[in-house]
Amino acid sequence: MDILSEIRRSSLLAAWFVVLTFPIMVIRVNTITNTIEWRWERLILISVGSFVGSLVWNYFQRRKRAQAGPRPQTADLPADLPADLPADLPATDSGSASLTPPVDQRTWVDKGLERLGMSRATFRRPLIAAPLIAAALGVAIAYPLVTSLYQTNIMVSALIYVMLALGLNIVIGLGGMLHLGYAAFYAVGAYTYALLNHYFDVGFWVALPIGAAVSMLFGILLAIPVLRLRGDYLAIVTLGFAEIVRIVLTNWSSLTLGPSGVKSINRPTLFGASFTLSQSINLTYYIALALVIITIFVVYRLENSRIGRQLVAMGEDDIAARAMGVDTVRAKLTAFAMGAVWAGLAGVLFASRTTFVNPESFRVWESVLILSMVVLGGMGSIPGVILGALLLILLPEYLRPLSQYRLLVFGALLVIMMVFKPAGLIPKRRRLYRLEPEEIPLPDAGGEP
């Protein structure tokens, strides 16, 4: 694109942006003195900022298109295929051949590792993986000992959302089912512990498996009527389920104490010992860390198990999976049940951390936030989901010095990431299969074929 046309385009965009933001950013009405303040310096900042931002944005967009190269087109098959058609055509996950050129699936992580002379397989070697895992565990264990109580409390919240994101990843990342009611299971787990502790003085360790079991039951009850739904219809039903749970918690005052919520929930204890506030928060951190490690292990094993492969096949094409003999009913029930289990565990941990729960903590925006973690990190990718959860929880906290502009900066960063990394920060690599030519032994001369 010509430089002059690019400058003209950015100038028009800057002028239009100034017109849109003029009443808000420039004009300020002082209701006490009944005067109008004209903040012309903001007009200059907006025009220059939008002009430069447009130039930078268009530059990176052109660079992205140049790196992607021409879009591969599927060749039209002639009516009479030649007999010597090559057999090493690229194939999809199901093994079927196509004439589309192979797509480069290397992510920014793979390209960065290649520059260092490594690959993802390098970190799977026991001599390299074991020290890295041990170092990561050592840093995680020592974290509350070297940081402040405030930082530890933030990290506990981040670990809870890591559990939630990994649980939702089972439903969306593996099963391909758009679930917008995940906060309902989160609320069920939290209220299970809150009500048991309030009415029967049940402790944290007893309520932890009970909360997971009750959430799993709700997950199965939700999965039964939505077995035949997919896509937007499934999203609408799950969204309605989340709102039903929140409204019931709000209006059933005789049981849930209504909008005022449940207070004075006991924090976790260990062998009946009493802890100070800082010691209780540290104990909650280590419990959350242990649950996250268990979650990662279970989700990883599930992904590489038989039911995990069925979920992946169902997520790719539900009809084709049923045609190949996959029991999609059992797979959907398993996905909803296991996803709800981790939401219930996270809910119990959340109630013990805050010592207070009310229905407003489980609005639909909680489900949207957890879904954003999965999409931003990379659906189906365990490291990507963990990274997405940590970023969406920790980044707003560390942007607090920007005061009222922190959410604006945070939203802009999310938009930039989703434009330039639509598959997520660490997308899951699909397994590709290639058809190799089969060698057929030729018969000996004069022998029988």
# chains A, B, ... in the order shown; residues from 1 in each chain; ligands from 1
>>> residues_around(residues="segment 331-345 of chain A", least_positions_apart="6", cutoff="9 Å", atoms="only C-alpha atoms", output="ChimeraX atom specification")
/A:160,163-171,174-175,177,182-190,192,208-220,222-224,227,291,295,307-308,310-311,314
>>> write_last_selection(atoms="C-alpha atoms", output="PDB file, in the first residue's frame")
ATOM      1  CA  ILE A 160      -8.933 -21.089  41.752  1.00  0.00           C
ATOM      2  CA  MET A 163      -8.996 -24.959  38.189  1.00  0.00           C
ATOM      3  CA  LEU A 164     -12.168 -23.470  36.715  1.00  0.00           C
ATOM      4  CA  ALA A 165     -10.565 -22.886  33.311  1.00  0.00           C
ATOM      5  CA  LEU A 166      -9.140 -26.408  33.166  1.00  0.00           C
ATOM      6  CA  GLY A 167     -12.531 -27.850  34.104  1.00  0.00           C
ATOM      7  CA  LEU A 168     -14.297 -25.825  31.411  1.00  0.00           C
ATOM      8  CA  ASN A 169     -11.567 -26.879  28.964  1.00  0.00           C
ATOM      9  CA  ILE A 170     -12.861 -30.448  29.246  1.00  0.00           C
ATOM     10  CA  VAL A 171     -16.268 -29.347  27.956  1.00  0.00           C
ATOM     11  CA  LEU A 174     -12.060 -31.285  24.154  1.00  0.00           C
ATOM     12  CA  GLY A 175     -15.789 -31.786  23.644  1.00  0.00           C
ATOM     13  CA  MET A 177     -19.573 -27.808  23.463  1.00  0.00           C
ATOM     14  CA  TYR A 182     -20.213 -22.861  34.129  1.00  0.00           C
ATOM     15  CA  ALA A 183     -20.564 -20.364  36.978  1.00  0.00           C
ATOM     16  CA  ALA A 184     -23.667 -22.293  38.131  1.00  0.00           C
ATOM     17  CA  PHE A 185     -21.556 -25.298  39.153  1.00  0.00           C
ATOM     18  CA  TYR A 186     -19.090 -22.912  40.775  1.00  0.00           C
ATOM     19  CA  ALA A 187     -21.971 -21.473  42.825  1.00  0.00           C
ATOM     20  CA  VAL A 188     -23.279 -24.926  43.745  1.00  0.00           C
ATOM     21  CA  GLY A 189     -19.914 -25.928  45.200  1.00  0.00           C
ATOM     22  CA  ALA A 190     -19.529 -22.669  47.117  1.00  0.00           C
ATOM     23  CA  THR A 192     -22.737 -26.453  49.447  1.00  0.00           C
ATOM     24  CA  LEU A 208     -14.745 -30.624  49.745  1.00  0.00           C
ATOM     25  CA  PRO A 209     -15.798 -34.024  48.292  1.00  0.00           C
ATOM     26  CA  ILE A 210     -19.466 -33.298  49.055  1.00  0.00           C
ATOM     27  CA  GLY A 211     -19.328 -30.067  47.060  1.00  0.00           C
ATOM     28  CA  ALA A 212     -17.680 -31.886  44.141  1.00  0.00           C
ATOM     29  CA  ALA A 213     -20.332 -34.641  44.241  1.00  0.00           C
ATOM     30  CA  VAL A 214     -23.264 -32.205  44.382  1.00  0.00           C
ATOM     31  CA  SER A 215     -21.828 -30.181  41.479  1.00  0.00           C
ATOM     32  CA  MET A 216     -21.324 -33.385  39.487  1.00  0.00           C
ATOM     33  CA  LEU A 217     -24.979 -34.282  40.096  1.00  0.00           C
ATOM     34  CA  PHE A 218     -26.066 -30.878  38.803  1.00  0.00           C
ATOM     35  CA  GLY A 219     -23.792 -31.333  35.787  1.00  0.00           C
ATOM     36  CA  ILE A 220     -25.460 -34.644  34.906  1.00  0.00           C
ATOM     37  CA  LEU A 222     -28.032 -30.325  33.022  1.00  0.00           C
ATOM     38  CA  ALA A 223     -26.454 -32.670  30.455  1.00  0.00           C
ATOM     39  CA  ILE A 224     -29.497 -34.960  30.150  1.00  0.00           C
ATOM     40  CA  LEU A 227     -27.776 -34.105  24.724  1.00  0.00           C
ATOM     41  CA  LEU A 291      -5.754 -29.165  43.714  1.00  0.00           C
ATOM     42  CA  THR A 295      -6.403 -31.112  38.036  1.00  0.00           C
ATOM     43  CA  ILE A 307     -12.938 -41.106  26.481  1.00  0.00           C
ATOM     44  CA  GLY A 308     -10.704 -38.119  25.719  1.00  0.00           C
ATOM     45  CA  GLN A 310     -14.032 -39.695  21.892  1.00  0.00           C
ATOM     46  CA  LEU A 311     -14.544 -36.133  23.143  1.00  0.00           C
ATOM     47  CA  MET A 314     -17.192 -35.466  18.960  1.00  0.00           C
TER      48      MET A 314
END
>>> select_by_dssp(residues="segment 266-401 of chain A", states="helix (DSSP H, G or I)", output="short mmCIF file (atom, residue, chain, number, x, y, z; two decimals) with C-alpha atoms, in the first residue's frame")
data_model
loop_
_atom_site.label_atom_id
_atom_site.label_comp_id
_atom_site.auth_asym_id
_atom_site.auth_seq_id
_atom_site.Cartn_x
_atom_site.Cartn_y
_atom_site.Cartn_z
CA LEU A 277 -5.07 -15.00 59.28
CA SER A 278 -1.76 -15.12 57.42
CA GLN A 279 -1.29 -18.81 58.24
CA SER A 280 -4.83 -19.59 57.04
CA ILE A 281 -4.21 -17.81 53.74
CA ASN A 282 -0.93 -19.69 53.28
CA LEU A 283 -2.69 -22.98 54.01
CA THR A 284 -5.41 -22.09 51.49
CA TYR A 285 -2.69 -21.34 48.94
CA TYR A 286 -1.07 -24.76 49.38
CA ILE A 287 -4.46 -26.49 49.17
CA ALA A 288 -5.22 -24.60 45.94
CA LEU A 289 -1.77 -25.51 44.57
CA ALA A 290 -2.31 -29.20 45.35
CA LEU A 291 -5.75 -29.17 43.71
CA VAL A 292 -4.34 -27.46 40.61
CA ILE A 293 -1.61 -30.12 40.30
CA ILE A 294 -4.22 -32.87 40.61
CA THR A 295 -6.40 -31.11 38.04
CA ILE A 296 -3.55 -30.86 35.54
CA PHE A 297 -2.72 -34.54 35.97
CA VAL A 298 -6.34 -35.68 35.58
CA VAL A 299 -7.05 -33.46 32.57
CA TYR A 300 -3.82 -34.59 30.88
CA ARG A 301 -4.64 -38.26 31.45
CA LEU A 302 -8.21 -37.70 30.30
CA GLU A 303 -7.03 -36.06 27.08
CA ARG A 306 -10.17 -43.42 25.28
CA ILE A 307 -12.94 -41.11 26.48
CA GLY A 308 -10.70 -38.12 25.72
CA ARG A 309 -10.28 -39.24 22.11
CA GLN A 310 -14.03 -39.69 21.89
CA LEU A 311 -14.54 -36.13 23.14
CA VAL A 312 -12.07 -34.78 20.59
CA ALA A 313 -13.79 -36.69 17.79
CA MET A 314 -17.19 -35.47 18.96
CA GLY A 315 -15.91 -31.90 19.09
CA GLU A 316 -14.63 -32.12 15.53
CA ASP A 318 -20.60 -34.98 16.16
CA ILE A 319 -22.33 -36.81 13.28
CA ALA A 320 -19.11 -38.40 12.00
CA ALA A 321 -18.21 -39.49 15.53
CA ARG A 322 -21.56 -41.25 15.94
CA ALA A 323 -21.14 -42.87 12.54
CA THR A 328 -21.72 -39.44 22.18
CA VAL A 329 -24.34 -39.64 24.94
CA ARG A 330 -21.88 -41.12 27.41
CA ALA A 331 -19.13 -38.78 26.22
CA LYS A 332 -21.28 -35.67 26.79
CA LEU A 333 -22.41 -36.87 30.20
CA THR A 334 -18.81 -37.57 31.18
CA ALA A 335 -17.64 -34.14 29.96
CA PHE A 336 -20.36 -32.26 31.83
CA ALA A 337 -19.88 -34.34 34.99
CA MET A 338 -16.09 -33.99 35.11
CA GLY A 339 -16.22 -30.29 34.30
CA ALA A 340 -18.73 -29.77 37.10
CA VAL A 341 -16.53 -31.67 39.59
CA TRP A 342 -13.68 -29.17 39.26
CA ALA A 343 -16.08 -26.25 39.43
CA GLY A 344 -17.48 -27.67 42.68
CA LEU A 345 -14.00 -28.05 44.17
CA ALA A 346 -13.14 -24.48 43.16
CA GLY A 347 -16.41 -23.25 44.68
CA VAL A 348 -15.68 -24.89 48.05
CA LEU A 349 -12.19 -23.38 48.02
CA PHE A 350 -13.61 -19.96 47.08
CA ALA A 351 -16.09 -20.03 49.97
CA SER A 352 -13.36 -20.96 52.46
CA ARG A 353 -11.07 -18.22 51.14
CA THR A 354 -13.58 -15.36 51.25
CA PRO A 359 -25.50 -14.81 44.59
CA GLU A 360 -23.89 -11.71 43.08
CA SER A 361 -20.53 -13.48 43.07
CA PHE A 362 -21.78 -15.92 40.43
CA VAL A 364 -23.11 -14.61 34.06
CA TRP A 365 -19.95 -12.53 33.71
CA GLU A 366 -18.11 -15.16 35.74
CA SER A 367 -18.91 -17.72 33.04
CA VAL A 368 -17.82 -15.26 30.35
CA LEU A 369 -14.55 -14.60 32.20
CA ILE A 370 -13.77 -18.32 32.53
CA LEU A 371 -14.64 -18.86 28.86
CA SER A 372 -12.31 -15.99 27.92
CA MET A 373 -9.47 -17.72 29.78
CA VAL A 374 -9.93 -20.88 27.72
CA VAL A 375 -10.22 -19.03 24.41
CA LEU A 376 -7.35 -16.61 25.11
CA GLY A 377 -4.95 -19.34 26.21
CA ILE A 382 -3.41 -27.24 29.06
CA PRO A 383 -0.41 -24.82 29.22
CA GLY A 384 -2.40 -22.26 27.21
CA VAL A 385 -5.44 -22.44 29.50
CA ILE A 386 -3.23 -22.04 32.58
CA LEU A 387 -1.49 -19.03 31.03
CA GLY A 388 -4.81 -17.49 30.01
CA ALA A 389 -6.23 -17.85 33.52
CA LEU A 390 -3.15 -16.35 35.15
CA LEU A 391 -3.12 -13.40 32.74
CA LEU A 392 -6.80 -12.55 33.08
CA ILE A 393 -6.62 -12.61 36.89
CA LEU A 394 -3.16 -11.21 37.58
CA LEU A 395 -2.91 -8.61 34.83
CA PRO A 396 -5.77 -6.36 36.08
CA GLU A 397 -4.28 -6.47 39.57
CA TYR A 398 -0.85 -5.41 38.40
CA ARG A 400 -3.90 -0.95 39.27
CA PRO A 401 -1.29 1.89 39.13
#
>>> atom_distance(atom1="atom CA of Arg42 of chain A", atom2="atom CA of Ser5 of chain A")
26.4 Å
